[in-house]
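Written out below as structure tokens is the structure these notes cover.
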Amino acid sequence: SASPAIRIRGTNKALQEAKRHLSDWFVTHGSTLRDSDISYVKHEMEVQVDSSGAEIVHVSKDDAAFILGKGGRTKKKISTVSGASVELRERASTVEIRGPQEARMRARKYIACVRAQRTGPVYVDPVKDDAGDLTIIKVP
């Protein structure tokens, strides 16, 4: 079977909106959009805040293993680079993030990138994705 012609990444809400716009475009141009033409990759992150102010991110068991990394290295890198404390609760499939708001935001962003890498390539937009924490190195 052929690969999907369109790959869409994002939250459930963004995926639904994109599909609606694409379907409308295809109808306007005299064609139809089949579900097999689209590949969806969901990157929705459910975040709760506990009574101590820690952010609790729910992840799948597969994501938890990927976020932990070999010997805990990926989790440690996320914590070091973001400036937040990151604790993985594997049995509960949650990640606990503590620290200043900006550090927690960076940790969530990096966790989302790691989760996305598990399902395929990750594309970074040098303008949209740069929150002062992006360095691009061109490799020939």
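Chain lettering (A, B, ...) mirrors the order of the structure tokens, residue numbering begins at 1 for each chain separately, and ligand numbering begins at 1 in order of display.
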* Asked: Which residues come within 12 Å of region 101-117 of chain A, counting only C-alpha atoms, excluding same-chain residues fewer than 6 positions away, as a ChimeraX atom specification?
  -> /A:9-11,40-47,49,53-69,74-88,94-95,123-124,129-134
* Give the strand (DSSP E) residues of region 41-133 of chain A, as assigned by DSSP on the backbone, as JSON, numbers by chain. => {"A": [41, 42, 47, 48, 49, 55, 56, 57, 58, 85, 86, 87, 88, 89, 94, 95, 96, 97, 98]}
Output for the residues just chosen: N, CA and C atoms as a PDB file, in the first residue's frame:
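The resulting file, result_34.pdb, is reproduced below:
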ATOM      1  N   VAL A  41      -0.508  12.349  13.273  1.00  0.00           N
ATOM      2  CA  VAL A  41       0.370  12.118  14.412  1.00  0.00           C
ATOM      3  C   VAL A  41      -0.069  13.094  15.498  1.00  0.00           C
ATOM      4  N   LYS A  42      -0.670  12.556  16.550  1.00  0.00           N
ATOM      5  CA  LYS A  42      -1.196  13.399  17.617  1.00  0.00           C
ATOM      6  C   LYS A  42      -0.103  13.739  18.618  1.00  0.00           C
ATOM      7  N   VAL A  47      -1.919  18.245  30.669  1.00  0.00           N
ATOM      8  CA  VAL A  47      -1.133  18.737  31.802  1.00  0.00           C
ATOM      9  C   VAL A  47      -2.083  19.094  32.941  1.00  0.00           C
ATOM     10  N   GLN A  48      -1.767  18.571  34.123  1.00  0.00           N
ATOM     11  CA  GLN A  48      -2.513  18.919  35.334  1.00  0.00           C
ATOM     12  C   GLN A  48      -1.525  19.550  36.308  1.00  0.00           C
ATOM     13  N   VAL A  49      -2.027  20.347  37.230  1.00  0.00           N
ATOM     14  CA  VAL A  49      -1.175  20.957  38.254  1.00  0.00           C
ATOM     15  C   VAL A  49      -1.612  20.397  39.598  1.00  0.00           C
ATOM     16  N   GLU A  55       3.640  20.436  37.640  1.00  0.00           N
ATOM     17  CA  GLU A  55       2.844  20.072  36.465  1.00  0.00           C
ATOM     18  C   GLU A  55       2.979  18.568  36.268  1.00  0.00           C
ATOM     19  N   ILE A  56       1.862  17.912  36.057  1.00  0.00           N
ATOM     20  CA  ILE A  56       1.839  16.472  35.845  1.00  0.00           C
ATOM     21  C   ILE A  56       1.406  16.231  34.404  1.00  0.00           C
ATOM     22  N   VAL A  57       2.292  15.603  33.621  1.00  0.00           N
ATOM     23  CA  VAL A  57       2.022  15.311  32.215  1.00  0.00           C
ATOM     24  C   VAL A  57       1.774  13.806  32.090  1.00  0.00           C
ATOM     25  N   HIS A  58       0.643  13.442  31.523  1.00  0.00           N
ATOM     26  CA  HIS A  58       0.311  12.035  31.314  1.00  0.00           C
ATOM     27  C   HIS A  58       0.901  11.577  29.987  1.00  0.00           C
ATOM     28  N   SER A  85      13.034  20.734  37.132  1.00  0.00           N
ATOM     29  CA  SER A  85      13.193  19.408  37.710  1.00  0.00           C
ATOM     30  C   SER A  85      12.189  18.504  36.999  1.00  0.00           C
ATOM     31  N   VAL A  86      12.663  17.393  36.452  1.00  0.00           N
ATOM     32  CA  VAL A  86      11.797  16.473  35.707  1.00  0.00           C
ATOM     33  C   VAL A  86      11.900  15.100  36.349  1.00  0.00           C
ATOM     34  N   GLU A  87      10.767  14.601  36.859  1.00  0.00           N
ATOM     35  CA  GLU A  87      10.719  13.273  37.473  1.00  0.00           C
ATOM     36  C   GLU A  87       9.730  12.419  36.704  1.00  0.00           C
ATOM     37  N   LEU A  88      10.157  11.240  36.321  1.00  0.00           N
ATOM     38  CA  LEU A  88       9.313  10.316  35.583  1.00  0.00           C
ATOM     39  C   LEU A  88       8.747   9.291  36.560  1.00  0.00           C
ATOM     40  N   ARG A  89       7.447   9.160  36.575  1.00  0.00           N
ATOM     41  CA  ARG A  89       6.761   8.157  37.393  1.00  0.00           C
ATOM     42  C   ARG A  89       6.255   7.087  36.437  1.00  0.00           C
ATOM     43  N   THR A  94       3.405   9.090  34.230  1.00  0.00           N
ATOM     44  CA  THR A  94       3.354  10.550  34.319  1.00  0.00           C
ATOM     45  C   THR A  94       4.763  11.113  34.424  1.00  0.00           C
ATOM     46  N   VAL A  95       4.882  12.365  34.015  1.00  0.00           N
ATOM     47  CA  VAL A  95       6.116  13.118  34.194  1.00  0.00           C
ATOM     48  C   VAL A  95       5.753  14.307  35.063  1.00  0.00           C
ATOM     49  N   GLU A  96       6.534  14.505  36.127  1.00  0.00           N
ATOM     50  CA  GLU A  96       6.312  15.600  37.061  1.00  0.00           C
ATOM     51  C   GLU A  96       7.350  16.683  36.778  1.00  0.00           C
ATOM     52  N   ILE A  97       6.880  17.900  36.528  1.00  0.00           N
ATOM     53  CA  ILE A  97       7.773  19.006  36.171  1.00  0.00           C
ATOM     54  C   ILE A  97       7.640  20.104  37.225  1.00  0.00           C
ATOM     55  N   ARG A  98       8.791  20.515  37.785  1.00  0.00           N
ATOM     56  CA  ARG A  98       8.817  21.576  38.805  1.00  0.00           C
ATOM     57  C   ARG A  98       9.840  22.635  38.399  1.00  0.00           C
TER      58      ARG A  98
END
